[in-house]
file input.txt (compact mmCIF, C-alpha atoms and all ligand atoms)
# COMPACT_ATOMS: atom_id res chain seq x y z
CA MET A 1 26.70 4.00 -4.72
CA ILE A 2 27.39 7.44 -6.20
CA VAL A 3 24.46 9.82 -6.50
CA PRO A 4 23.88 10.52 -10.20
CA GLN A 5 24.11 14.13 -11.40
CA PHE A 6 21.04 16.33 -11.00
CA GLU A 7 20.12 20.00 -10.97
CA TYR A 8 19.26 21.28 -7.50
CA LEU A 9 16.35 23.73 -7.40
CA VAL A 10 15.47 25.67 -4.25
CA PRO A 11 12.09 27.40 -4.64
CA GLN A 12 11.17 30.15 -2.18
CA SER A 13 7.43 29.50 -2.14
CA LEU A 14 5.04 26.56 -2.41
CA GLN A 15 3.62 28.02 -5.64
CA GLU A 16 7.12 28.24 -7.16
CA ALA A 17 7.83 24.65 -6.08
CA CYS A 18 4.64 23.39 -7.77
CA ALA A 19 5.41 25.41 -10.92
CA LEU A 20 8.89 23.85 -11.12
CA LEU A 21 7.42 20.37 -10.70
CA GLY A 22 4.87 21.11 -13.43
CA GLN A 23 7.57 22.53 -15.73
CA HIS A 24 9.96 19.56 -15.42
CA GLY A 25 7.30 16.82 -15.23
CA SER A 26 8.55 13.28 -14.57
CA LYS A 27 12.20 14.47 -14.69
CA ALA A 28 11.73 16.23 -11.34
CA LYS A 29 11.32 14.93 -7.80
CA VAL A 30 10.58 16.65 -4.52
CA LEU A 31 13.41 16.50 -1.98
CA SER A 32 12.45 16.77 1.69
CA GLY A 33 14.72 15.03 4.22
CA GLY A 34 16.22 12.79 1.52
CA SER A 35 16.39 9.72 3.79
CA ASP A 36 14.48 7.66 1.22
CA LEU A 37 15.14 9.49 -2.04
CA ILE A 38 18.92 9.90 -1.80
CA VAL A 39 19.30 6.23 -0.85
CA LYS A 40 17.22 5.28 -3.90
CA MET A 41 19.34 7.54 -6.13
CA LYS A 42 22.55 6.01 -4.76
CA ASN A 43 21.17 2.54 -5.52
CA GLY A 44 20.17 3.55 -9.05
CA LEU A 45 16.47 3.14 -8.28
CA ALA A 46 15.67 6.81 -9.01
CA LYS A 47 17.39 9.10 -11.51
CA PRO A 48 15.68 12.49 -11.41
CA ASP A 49 17.29 15.27 -13.49
CA TYR A 50 15.94 17.88 -11.08
CA LEU A 51 15.51 17.84 -7.32
CA VAL A 52 13.04 20.43 -6.05
CA SER A 53 14.07 21.04 -2.45
CA LEU A 54 11.46 22.03 0.15
CA LYS A 55 14.15 23.29 2.52
CA ASN A 56 13.18 26.98 2.35
CA LEU A 57 9.44 26.40 2.70
CA ASP A 58 9.06 27.01 6.41
CA GLU A 59 5.27 27.09 6.10
CA LEU A 60 5.44 23.29 5.68
CA LYS A 61 7.17 22.88 9.03
CA GLY A 62 5.78 22.47 12.54
CA VAL A 63 2.56 21.57 14.34
CA ARG A 64 -0.31 23.89 15.26
CA TYR A 65 -3.83 23.58 16.61
CA GLU A 66 -6.80 25.35 15.04
CA ALA A 67 -10.08 25.19 16.96
CA GLY A 68 -12.76 23.67 14.76
CA THR A 69 -10.18 22.11 12.43
CA GLY A 70 -7.86 20.08 14.61
CA VAL A 71 -4.15 19.43 14.82
CA ILE A 72 -2.25 20.42 11.68
CA ILE A 73 1.15 18.87 11.00
CA GLY A 74 3.33 20.39 8.29
CA SER A 75 4.68 17.79 5.88
CA ARG A 76 8.28 18.88 6.50
CA THR A 77 8.03 18.22 10.23
CA THR A 78 10.69 15.67 11.11
CA HIS A 79 9.95 12.56 13.14
CA ASN A 80 11.93 13.90 16.09
CA GLN A 81 9.90 17.13 15.96
CA VAL A 82 6.70 15.06 15.96
CA ILE A 83 7.92 13.07 18.97
CA ALA A 84 8.77 16.22 20.97
CA ASN A 85 5.78 18.36 19.98
CA PRO A 86 3.72 19.42 23.04
CA ILE A 87 0.40 19.68 21.13
CA LEU A 88 0.73 16.14 19.78
CA ARG A 89 1.99 14.82 23.10
CA GLU A 90 -1.11 16.18 24.78
CA LYS A 91 -3.77 15.39 22.15
CA TYR A 92 -2.40 12.41 20.19
CA PRO A 93 0.52 10.78 22.01
CA SER A 94 -0.06 7.73 19.78
CA VAL A 95 1.29 9.74 16.83
CA CYS A 96 4.46 10.61 18.79
CA ALA A 97 4.81 6.98 19.86
CA ALA A 98 4.47 5.77 16.26
CA ALA A 99 7.20 8.20 15.13
CA ALA A 100 9.42 6.96 17.97
CA THR A 101 9.30 3.40 16.60
CA MET A 102 11.03 4.55 13.42
CA ALA A 103 14.64 4.15 12.36
CA ALA A 104 17.38 5.70 14.52
CA TYR A 105 17.71 9.17 16.06
CA GLN A 106 19.82 10.49 13.17
CA ILE A 107 17.31 9.36 10.52
CA ARG A 108 14.40 10.72 12.59
CA ASN A 109 16.23 14.05 12.63
CA ILE A 110 16.07 14.37 8.83
CA GLY A 111 13.16 12.12 7.79
CA THR A 112 9.81 13.91 7.58
CA ILE A 113 6.23 12.82 8.12
CA GLY A 114 5.35 13.95 4.58
CA GLY A 115 8.20 11.96 3.05
CA ASN A 116 7.11 8.87 4.96
CA LEU A 117 3.64 9.10 3.41
CA VAL A 118 4.64 10.01 -0.15
CA ASN A 119 7.31 7.30 -0.26
CA ALA A 120 4.35 4.91 0.23
CA VAL A 121 6.14 1.72 1.22
CA PRO A 122 3.75 -0.88 2.68
CA SER A 123 5.77 -1.04 5.95
CA ALA A 124 5.77 2.74 6.58
CA ASP A 125 5.03 3.49 10.23
CA MET A 126 3.11 6.78 10.08
CA PRO A 127 0.20 5.96 7.72
CA PRO A 128 -1.62 3.42 9.96
CA ILE A 129 -1.95 5.71 12.98
CA LEU A 130 -2.89 8.73 10.85
CA ILE A 131 -5.61 6.70 9.12
CA ALA A 132 -6.84 5.36 12.48
CA LEU A 133 -7.28 8.98 13.62
CA GLY A 134 -9.13 9.97 10.43
CA ALA A 135 -6.37 12.32 9.24
CA GLN A 136 -6.64 14.23 5.98
CA ALA A 137 -3.91 15.27 3.56
CA ARG A 138 -3.83 18.84 2.27
CA ILE A 139 -2.33 18.77 -1.20
CA VAL A 140 -1.19 21.86 -3.12
CA GLY A 141 -0.58 21.99 -6.88
CA THR A 142 -0.48 24.52 -9.71
CA ALA A 143 -4.28 24.29 -10.01
CA GLY A 144 -4.88 25.00 -6.32
CA GLU A 145 -5.49 23.00 -3.18
CA ARG A 146 -7.39 19.78 -2.50
CA VAL A 147 -7.96 17.61 0.54
CA VAL A 148 -8.05 13.80 0.57
CA ARG A 149 -8.35 11.37 3.44
CA VAL A 150 -5.02 9.70 4.25
CA GLU A 151 -7.02 6.47 3.92
CA ASP A 152 -7.48 7.30 0.21
CA PHE A 153 -3.96 8.69 -0.36
CA PHE A 154 -2.23 5.43 -1.33
CA LEU A 155 -2.64 3.67 -4.69
CA GLY A 156 0.03 0.96 -4.39
CA PRO A 157 3.64 0.49 -3.31
CA GLY A 158 5.42 3.77 -4.13
CA ARG A 159 2.25 5.26 -5.65
CA THR A 160 -0.05 7.92 -4.24
CA VAL A 161 -2.80 10.19 -5.52
CA LEU A 162 -0.30 13.08 -5.88
CA GLY A 163 -0.10 14.54 -9.38
CA GLN A 164 3.25 15.46 -10.95
CA ASP A 165 2.98 19.12 -9.89
CA GLU A 166 1.53 18.45 -6.44
CA ILE A 167 3.08 18.65 -3.00
CA LEU A 168 1.77 17.14 0.21
CA ALA A 169 1.55 20.31 2.33
CA GLU A 170 -0.09 19.35 5.62
CA LEU A 171 -1.78 16.58 7.55
CA VAL A 172 -4.87 17.43 9.53
CA ILE A 173 -6.06 15.30 12.45
CA PRO A 174 -9.65 16.41 13.11
CA ASP A 175 -10.90 16.91 16.65
CA GLN A 176 -12.45 13.73 17.96
CA ALA A 177 -13.70 12.04 21.07
CA THR A 178 -11.46 9.00 20.70
CA THR A 179 -10.96 7.18 23.98
CA GLY A 180 -7.56 5.77 23.08
CA SER A 181 -5.36 5.05 20.11
CA ASN A 182 -1.98 3.48 19.53
CA TYR A 183 0.38 1.89 17.03
CA VAL A 184 2.00 -1.46 17.77
CA LYS A 185 4.93 -2.48 15.62
CA PHE A 186 6.83 -5.73 15.36
CA GLY A 187 10.27 -5.52 13.78
CA LEU A 188 13.10 -8.03 13.64
CA ARG A 189 15.09 -5.86 16.08
CA ARG A 190 13.90 -3.66 18.91
CA ALA A 191 15.21 -0.52 17.23
CA GLY A 192 16.09 0.59 13.74
CA ALA A 193 13.99 -2.10 12.06
CA LEU A 194 11.21 -1.83 9.50
CA ALA A 195 7.80 -3.21 10.47
CA VAL A 196 7.17 -6.88 9.78
CA VAL A 197 3.65 -5.96 10.84
CA GLY A 198 2.26 -2.73 12.31
CA VAL A 199 -1.23 -2.32 13.72
CA ALA A 200 -2.86 0.97 14.66
CA SER A 201 -6.21 1.21 16.35
CA SER A 202 -8.44 3.89 17.77
CA VAL A 203 -11.49 3.21 19.88
CA THR A 204 -14.28 5.46 21.13
CA MET A 205 -16.04 3.95 24.13
CA ALA A 206 -19.51 4.83 25.47
CA GLY A 207 -19.59 3.06 28.83
CA ASP A 208 -18.87 -0.62 28.05
CA VAL A 209 -19.78 -0.27 24.39
CA ALA A 210 -17.30 0.37 21.58
CA LYS A 211 -19.11 3.19 19.79
CA ASP A 212 -16.48 3.42 17.10
CA VAL A 213 -13.44 1.31 16.24
CA ARG A 214 -10.69 1.74 13.65
CA ILE A 215 -8.11 -0.98 12.99
CA ILE A 216 -5.42 -0.29 10.39
CA LEU A 217 -2.84 -2.88 9.36
CA GLY A 218 0.60 -1.99 7.99
CA ALA A 219 3.02 -4.23 6.03
CA VAL A 220 0.40 -6.88 5.25
CA ALA A 221 -1.03 -5.49 2.01
CA PRO A 222 0.26 -3.27 -0.84
CA ILE A 223 -1.15 -0.22 0.98
CA PRO A 224 -2.17 0.37 4.61
CA MET A 225 -5.25 -1.75 5.07
CA VAL A 226 -8.42 -1.01 7.01
CA ALA A 227 -9.47 -4.23 8.77
CA ARG A 228 -13.16 -3.54 8.24
CA GLU A 229 -14.46 -6.96 9.25
CA ALA A 230 -12.46 -6.90 12.48
CA GLU A 231 -13.77 -3.39 13.20
CA ASN A 232 -17.33 -4.68 12.76
CA VAL A 233 -16.72 -7.43 15.31
CA LEU A 234 -16.49 -4.72 17.99
CA ARG A 235 -18.35 -1.69 16.64
CA GLY A 236 -21.54 -1.03 18.57
CA LYS A 237 -20.96 -4.03 20.87
CA LYS A 238 -20.29 -4.43 24.57
CA VAL A 239 -16.57 -5.08 24.78
CA SER A 240 -15.32 -8.35 26.25
CA ASP A 241 -12.07 -10.31 26.14
CA ASP A 242 -13.75 -12.90 23.90
CA LEU A 243 -14.78 -10.24 21.40
CA ILE A 244 -11.26 -8.77 21.31
CA GLN A 245 -9.85 -12.27 20.74
CA HIS A 246 -12.31 -12.76 17.89
CA ALA A 247 -11.43 -9.36 16.35
CA GLY A 248 -7.75 -10.40 16.29
CA LYS A 249 -8.58 -13.64 14.47
CA VAL A 250 -10.82 -11.86 11.95
CA ALA A 251 -8.13 -9.23 11.26
CA ALA A 252 -5.61 -12.02 10.60
CA VAL A 253 -7.95 -13.70 8.11
CA GLU A 254 -8.73 -10.50 6.20
CA SER A 255 -5.07 -9.35 6.04
CA LYS A 256 -3.25 -9.97 2.75
CA PRO A 257 0.40 -10.53 3.69
CA ILE A 258 3.16 -11.77 1.40
CA ASN A 259 6.30 -13.84 2.05
CA ASP A 260 9.46 -11.74 2.02
CA ILE A 261 12.85 -11.54 3.70
CA ARG A 262 11.31 -10.13 6.89
CA GLY A 263 8.71 -12.85 7.39
CA SER A 264 6.39 -15.40 5.82
CA ALA A 265 2.74 -14.68 5.14
CA GLU A 266 1.74 -17.19 7.82
CA TYR A 267 4.02 -15.56 10.41
CA ARG A 268 2.58 -12.17 9.54
CA ARG A 269 -1.00 -13.40 9.93
CA ASN A 270 -0.15 -14.66 13.41
CA LEU A 271 1.38 -11.29 14.22
CA VAL A 272 -1.73 -9.46 12.99
CA ASP A 273 -3.83 -11.53 15.39
CA VAL A 274 -1.56 -10.86 18.40
CA LEU A 275 -0.88 -7.17 17.67
CA THR A 276 -4.52 -6.36 16.91
CA ARG A 277 -5.60 -7.75 20.29
CA ARG A 278 -2.78 -5.91 22.04
CA SER A 279 -3.54 -2.65 20.29
CA LEU A 280 -7.31 -2.84 20.92
CA LYS A 281 -6.91 -3.66 24.61
CA ALA A 282 -4.59 -0.71 25.11
CA ALA A 283 -6.84 1.67 23.15
CA ILE A 284 -9.89 0.62 25.20
CA GLU A 285 -7.93 1.17 28.41
CA LYS A 286 -6.82 4.60 27.06
CA GLY A 287 -3.26 3.48 27.16
CA HIS A 288 -0.33 2.72 24.97
CA VAL A 289 1.33 -0.56 24.36
C1 LIG A 301 18.33 3.59 7.90
C2 LIG A 301 16.89 3.91 7.62
C3 LIG A 301 15.92 3.44 8.48
C4 LIG A 301 14.57 3.71 8.23
N1 LIG A 301 13.64 3.22 9.11
C5 LIG A 301 12.33 3.44 8.88
C6 LIG A 301 11.33 2.91 9.78
O1 LIG A 301 11.62 2.26 10.79
N2 LIG A 301 10.02 3.15 9.46
C7 LIG A 301 9.65 3.84 8.35
O2 LIG A 301 8.45 4.01 8.14
N3 LIG A 301 10.57 4.38 7.51
C8 LIG A 301 11.88 4.19 7.73
N4 LIG A 301 12.83 4.72 6.89
C9 LIG A 301 12.40 5.47 5.70
C10 LIG A 301 12.46 7.03 5.79
O3 LIG A 301 13.38 7.48 6.74
C11 LIG A 301 11.11 7.66 6.07
O4 LIG A 301 10.16 7.19 5.11
C12 LIG A 301 11.14 9.19 6.05
O5 LIG A 301 10.03 9.66 6.74
C13 LIG A 301 11.15 9.79 4.65
O6 LIG A 301 11.09 11.21 4.75
P1 LIG A 301 12.10 12.15 3.97
O7 LIG A 301 11.73 13.55 4.31
O8 LIG A 301 13.51 11.76 4.22
O9 LIG A 301 11.69 11.82 2.46
P2 LIG A 301 12.51 12.00 1.07
O10 LIG A 301 13.55 10.97 1.00
O11 LIG A 301 12.95 13.43 0.96
O12 LIG A 301 11.34 11.74 0.08
C14 LIG A 301 10.71 10.47 -0.03
C15 LIG A 301 9.73 10.52 -1.21
O13 LIG A 301 8.66 11.39 -0.97
C16 LIG A 301 8.64 12.51 -1.88
N5 LIG A 301 8.29 13.66 -1.02
C17 LIG A 301 8.85 13.96 0.19
N6 LIG A 301 8.15 14.96 0.78
C18 LIG A 301 7.17 15.31 -0.09
C19 LIG A 301 6.11 16.28 -0.04
N7 LIG A 301 5.93 17.06 1.02
N8 LIG A 301 5.27 16.37 -1.10
C20 LIG A 301 5.45 15.56 -2.20
N9 LIG A 301 6.42 14.62 -2.29
C21 LIG A 301 7.25 14.49 -1.25
C22 LIG A 301 10.01 12.53 -2.53
O14 LIG A 301 9.97 13.06 -3.84
C23 LIG A 301 10.38 11.05 -2.51
O15 LIG A 301 9.77 10.41 -3.60
C24 LIG A 301 14.20 4.48 7.11
C25 LIG A 301 15.18 4.97 6.24
C26 LIG A 301 16.52 4.70 6.49
C27 LIG A 301 17.56 5.26 5.56
call {"tool": "encode", "arguments": {"input": "input.txt", "output": "structure tokens"}}
result
Amino acid sequence: MIVPQFEYLVPQSLQEACALLGQHGSKAKVLSGGSDLIVKMKNGLAKPDYLVSLKNLDELKGVRYEAGTGVIIGSRTTHNQVIANPILREKYPSVCAAAATMAAYQIRNIGTIGGNLVNAVPSADMPPILIALGAQARIVGTAGERVVRVEDFFLGPGRTVLGQDEILAELVIPDQATTGSNYVKFGLRRAGALAVVGVASSVTMAGDVAKDVRIILGAVAPIPMVAREAENVLRGKKVSDDLIQHAGKVAAVESKPINDIRGSAEYRRNLVDVLTRRSLKAAIEKGHV
């Protein structure tokens, strides 16, 4: 449980940080809040020779709104800063609510939204709601900047599209006419527990009709999973209780859960059914669960 030796590098700009990552290749790792990485290092699961700290890169911190672009969240923004941010509270309270389901206050004070995505564990709480809201990831590397949908960011457990010299800089939630969105999480305790299943949904209603529907499942597949067949049950249809019930069942069938210490595959499928219905109902009623 002792952190192995490493060289601590503190770049003063994003460009310098990317250059250091490029220079040291697979021997280097980005350090943000350290709530995942330092634990892994203590457990011998990661042994980087260099840690490239983002601590002096203030441009990666905070939330702003740009008309025509949307809400922009810096990757170094901590979960507690997300929860308290007035722009997010007004425009996307579902993002604040998802952050509030995570860990304990102390961890939320150091853990960042960027670290939660790049760590890429299947049970991570922030990816489903960001995908449901169509968020994009702004990635900066030595060769410049690129933008990918958060939906396309994950390749497998612990693996993302980030190259060795790339840093997740910002998350952009584009302006949208979503009626309601939310994230519903089931953990083995009420607080401080990882998701056994998490479901995020966003719904855009036109009168009684669900014009658009997004349903994203967490912790039931190697990466956050879009429940496309369940979305199609509702998309373009007049919403009814029966249809919502059906969407829950379809989401459960298309989910790909595994058995692990937090729950069996069968238990998880049942949870997907229940949480999908709960999440959709709340999104349609513009509320939170
Ligand atoms: C007790 C405890 C409880 C927890 N509970 C939850 C929970 O309920 N839900 C949940 O989802 N998570 C939970 N976590 C996991 C963790 O707190 C979060 O994933 C957190 O958001 C990670 O952010 P960080 O800044 O600490 O990341 P770090 O530990 O600094 O980094 C994590 C990984 O991402 C990379 N990285 C970080 N930022 C960037 C960036 N901007 N660009 C490129 N690479 C980057 C690092 O190199 C590392 O590989 C918990 C952790 C602990 C210790």
call {"tool": "closest_atom_pairs", "arguments": {"input": "input.txt", "of": "chain A", "to": "ligand LIG 301 (chain A)", "cutoff": "6 Å", "atoms": "all atoms listed in the file", "output": "tab-separated table"}}
result
residue	atom	partner	partner_atom	distance
A:Lys29	CA	A:LIG301	O14	4.6
A:Val30	CA	A:LIG301	O14	3.7
A:Leu31	CA	A:LIG301	O11	4.3
A:Ser32	CA	A:LIG301	O11	3.5
A:Gly33	CA	A:LIG301	O7	3.3
A:Gly34	CA	A:LIG301	O10	3.3
A:Ser35	CA	A:LIG301	O8	3.6
A:Asp36	CA	A:LIG301	O10	3.4
A:Leu37	CA	A:LIG301	O10	3.7
A:Ser75	CA	A:LIG301	N7	5.1
A:Met102	CA	A:LIG301	O1	3.5
A:Ala103	CA	A:LIG301	N1	3.5
A:Ile107	CA	A:LIG301	O3	5.8
A:Ile110	CA	A:LIG301	O8	5.9
A:Gly111	CA	A:LIG301	O8	3.6
A:Thr112	CA	A:LIG301	O7	3.8
A:Ile113	CA	A:LIG301	O5	5.1
A:Gly114	CA	A:LIG301	N7	4.8
A:Gly115	CA	A:LIG301	O6	3.4
A:Asn116	CA	A:LIG301	O4	3.5
A:Val118	CA	A:LIG301	O13	4.3
A:Asn119	CA	A:LIG301	C15	4.1
A:Ala124	CA	A:LIG301	O2	3.4
A:Asp125	CA	A:LIG301	O2	4.0
A:Ile167	CA	A:LIG301	N8	3.7
A:Leu168	CA	A:LIG301	N8	3.8
A:Ala169	CA	A:LIG301	N7	5.6
A:Gly192	CA	A:LIG301	O1	5.6
A:Ala193	CA	A:LIG301	O1	5.1
A:Leu194	CA	A:LIG301	O1	4.3
call {"tool": "write_last_selection", "arguments": {"input": "input.txt", "atoms": "C-alpha atoms", "output": "short mmCIF file (atom, residue, chain, number, x, y, z; two decimals), in the frame of the given file"}}
result
data_model
loop_
_atom_site.label_atom_id
_atom_site.label_comp_id
_atom_site.auth_asym_id
_atom_site.auth_seq_id
_atom_site.Cartn_x
_atom_site.Cartn_y
_atom_site.Cartn_z
CA LYS A 29 11.32 14.93 -7.80
CA VAL A 30 10.58 16.65 -4.52
CA LEU A 31 13.41 16.50 -1.98
CA SER A 32 12.45 16.77 1.69
CA GLY A 33 14.72 15.03 4.22
CA GLY A 34 16.22 12.79 1.52
CA SER A 35 16.39 9.72 3.79
CA ASP A 36 14.48 7.66 1.22
CA LEU A 37 15.14 9.49 -2.04
CA SER A 75 4.68 17.79 5.88
CA MET A 102 11.03 4.55 13.42
CA ALA A 103 14.64 4.15 12.36
CA ILE A 107 17.31 9.36 10.52
CA ILE A 110 16.07 14.37 8.83
CA GLY A 111 13.16 12.12 7.79
CA THR A 112 9.81 13.91 7.58
CA ILE A 113 6.23 12.82 8.12
CA GLY A 114 5.35 13.95 4.58
CA GLY A 115 8.20 11.96 3.05
CA ASN A 116 7.11 8.87 4.96
CA VAL A 118 4.64 10.01 -0.15
CA ASN A 119 7.31 7.30 -0.26
CA ALA A 124 5.77 2.74 6.58
CA ASP A 125 5.03 3.49 10.23
CA ILE A 167 3.08 18.65 -3.00
CA LEU A 168 1.77 17.14 0.21
CA ALA A 169 1.55 20.31 2.33
CA GLY A 192 16.09 0.59 13.74
CA ALA A 193 13.99 -2.10 12.06
CA LEU A 194 11.21 -1.83 9.50
#
call {"tool": "closest_residue", "arguments": {"input": "input.txt", "among": "A:Ala100, A:Ala120, A:Val140, A:Ala252", "to": "A:Glu16", "atoms": "only C-alpha atoms"}}
result
A:Val140
call {"tool": "residues_around", "arguments": {"input": "input.txt", "residues": "A:Leu54", "least_positions_apart": "3", "cutoff": "10 Å", "atoms": "only C-alpha atoms", "output": "PyMOL selection string"}}
result
chain A and resi 9-14+17+30-33+51+57-61+75-76+167
call {"tool": "residues_around", "arguments": {"input": "input.txt", "residues": "A:Arg214", "least_positions_apart": "2", "cutoff": "10 Å", "atoms": "only C-alpha atoms", "output": "PyMOL selection string"}}
result
chain A and resi 128-129+131-134+181+200-204+212+216+226-228+230-232+234-235+280
call {"tool": "closest_residue", "arguments": {"input": "input.txt", "among": "A:Ser123, A:Asn259, A:Thr142, A:Gln245", "to": "A:Cys18", "atoms": "all atoms listed in the file"}}
result
A:Thr142
call {"tool": "atom_distance", "arguments": {"input": "input.txt", "atom1": "atom CA of A:Met126", "atom2": "atom CA of A:Glu66"}}
result
21.6 Å
call {"tool": "residues_around", "arguments": {"input": "input.txt", "residues": "A:Tyr105", "least_positions_apart": "4", "cutoff": "9 Å", "atoms": "all atoms listed in the file", "output": "PyMOL selection string"}}
result
chain A and resi 79-80+100+109
call {"tool": "residues_around", "arguments": {"input": "input.txt", "residues": "A:Gln176", "least_positions_apart": "2", "cutoff": "9 Å", "atoms": "only C-alpha atoms", "output": "list of chain:residue names"}}
result
A:Gly70, A:Leu133, A:Ile173, A:Pro174, A:Thr178
call {"tool": "closest_residue", "arguments": {"input": "input.txt", "among": "A:Met225, A:Val161, A:Val197, A:Ile244", "to": "A:Ser264", "atoms": "only C-alpha atoms"}}
result
A:Val197
call {"tool": "atom_distance", "arguments": {"input": "input.txt", "atom1": "atom CA of A:Ser240", "atom2": "atom CA of A:Ser279"}}
result
14.4 Å
call {"tool": "atom_distance", "arguments": {"input": "input.txt", "atom1": "atom CA of A:Val196", "atom2": "atom CA of A:Leu162"}}
result
26.4 Å
call {"tool": "closest_residue", "arguments": {"input": "input.txt", "among": "A:Ala46, A:Ala177, A:Ile38, A:Leu243", "to": "A:Gly158", "atoms": "all atoms listed in the file"}}
result
A:Ala46
call {"tool": "closest_residue", "arguments": {"input": "input.txt", "among": "A:Lys42, A:Lys286, A:Lys256, A:Lys47", "to": "A:Thr179", "atoms": "all atoms listed in the file"}}
result
A:Lys286
call {"tool": "closest_residue", "arguments": {"input": "input.txt", "among": "A:Ala104, A:Leu155, A:Val150, A:Val63", "to": "A:Lys91", "atoms": "all atoms listed in the file"}}
result
A:Val63
call {"tool": "residues_around", "arguments": {"input": "input.txt", "residues": "A:Glu170", "least_positions_apart": "6", "cutoff": "6 Å", "atoms": "only C-alpha atoms", "output": "PyMOL selection string"}}
result
chain A and resi 73-75+137-138
call {"tool": "build_atoms", "arguments": {"input": "input.txt", "residues": "stretch 51-62 of chain A", "atoms": "N, CA and C atoms", "output": "PDB file, in the frame of the given file"}}
result
ATOM      1  N   LEU A  51      16.048  18.021  -8.664  1.00  0.00           N
ATOM      2  CA  LEU A  51      15.510  17.840  -7.320  1.00  0.00           C
ATOM      3  C   LEU A  51      14.959  19.185  -6.862  1.00  0.00           C
ATOM      4  N   VAL A  52      13.678  19.194  -6.504  1.00  0.00           N
ATOM      5  CA  VAL A  52      13.040  20.430  -6.050  1.00  0.00           C
ATOM      6  C   VAL A  52      13.009  20.374  -4.527  1.00  0.00           C
ATOM      7  N   SER A  53      13.920  21.107  -3.908  1.00  0.00           N
ATOM      8  CA  SER A  53      14.070  21.040  -2.450  1.00  0.00           C
ATOM      9  C   SER A  53      12.981  21.862  -1.744  1.00  0.00           C
ATOM     10  N   LEU A  54      12.467  21.296  -0.651  1.00  0.00           N
ATOM     11  CA  LEU A  54      11.460  22.030   0.150  1.00  0.00           C
ATOM     12  C   LEU A  54      12.126  22.787   1.294  1.00  0.00           C
ATOM     13  N   LYS A  55      13.457  22.847   1.304  1.00  0.00           N
ATOM     14  CA  LYS A  55      14.150  23.290   2.520  1.00  0.00           C
ATOM     15  C   LYS A  55      13.854  24.737   2.934  1.00  0.00           C
ATOM     16  N   ASN A  56      13.478  25.600   1.965  1.00  0.00           N
ATOM     17  CA  ASN A  56      13.180  26.980   2.350  1.00  0.00           C
ATOM     18  C   ASN A  56      11.699  27.247   2.586  1.00  0.00           C
ATOM     19  N   LEU A  57      10.897  26.202   2.537  1.00  0.00           N
ATOM     20  CA  LEU A  57       9.440  26.400   2.700  1.00  0.00           C
ATOM     21  C   LEU A  57       9.051  26.154   4.162  1.00  0.00           C
ATOM     22  N   ASP A  58       9.297  27.178   4.967  1.00  0.00           N
ATOM     23  CA  ASP A  58       9.060  27.010   6.410  1.00  0.00           C
ATOM     24  C   ASP A  58       7.584  26.832   6.751  1.00  0.00           C
ATOM     25  N   GLU A  59       6.708  27.258   5.818  1.00  0.00           N
ATOM     26  CA  GLU A  59       5.270  27.090   6.100  1.00  0.00           C
ATOM     27  C   GLU A  59       4.871  25.613   6.137  1.00  0.00           C
ATOM     28  N   LEU A  60       5.749  24.739   5.659  1.00  0.00           N
ATOM     29  CA  LEU A  60       5.440  23.290   5.680  1.00  0.00           C
ATOM     30  C   LEU A  60       5.987  22.630   6.940  1.00  0.00           C
ATOM     31  N   LYS A  61       6.494  23.436   7.852  1.00  0.00           N
ATOM     32  CA  LYS A  61       7.170  22.880   9.030  1.00  0.00           C
ATOM     33  C   LYS A  61       6.372  23.157  10.304  1.00  0.00           C
ATOM     34  N   GLY A  62       6.347  22.214  11.220  1.00  0.00           N
ATOM     35  CA  GLY A  62       5.780  22.470  12.540  1.00  0.00           C
ATOM     36  C   GLY A  62       4.360  21.968  12.711  1.00  0.00           C
TER      37      GLY A  62
END
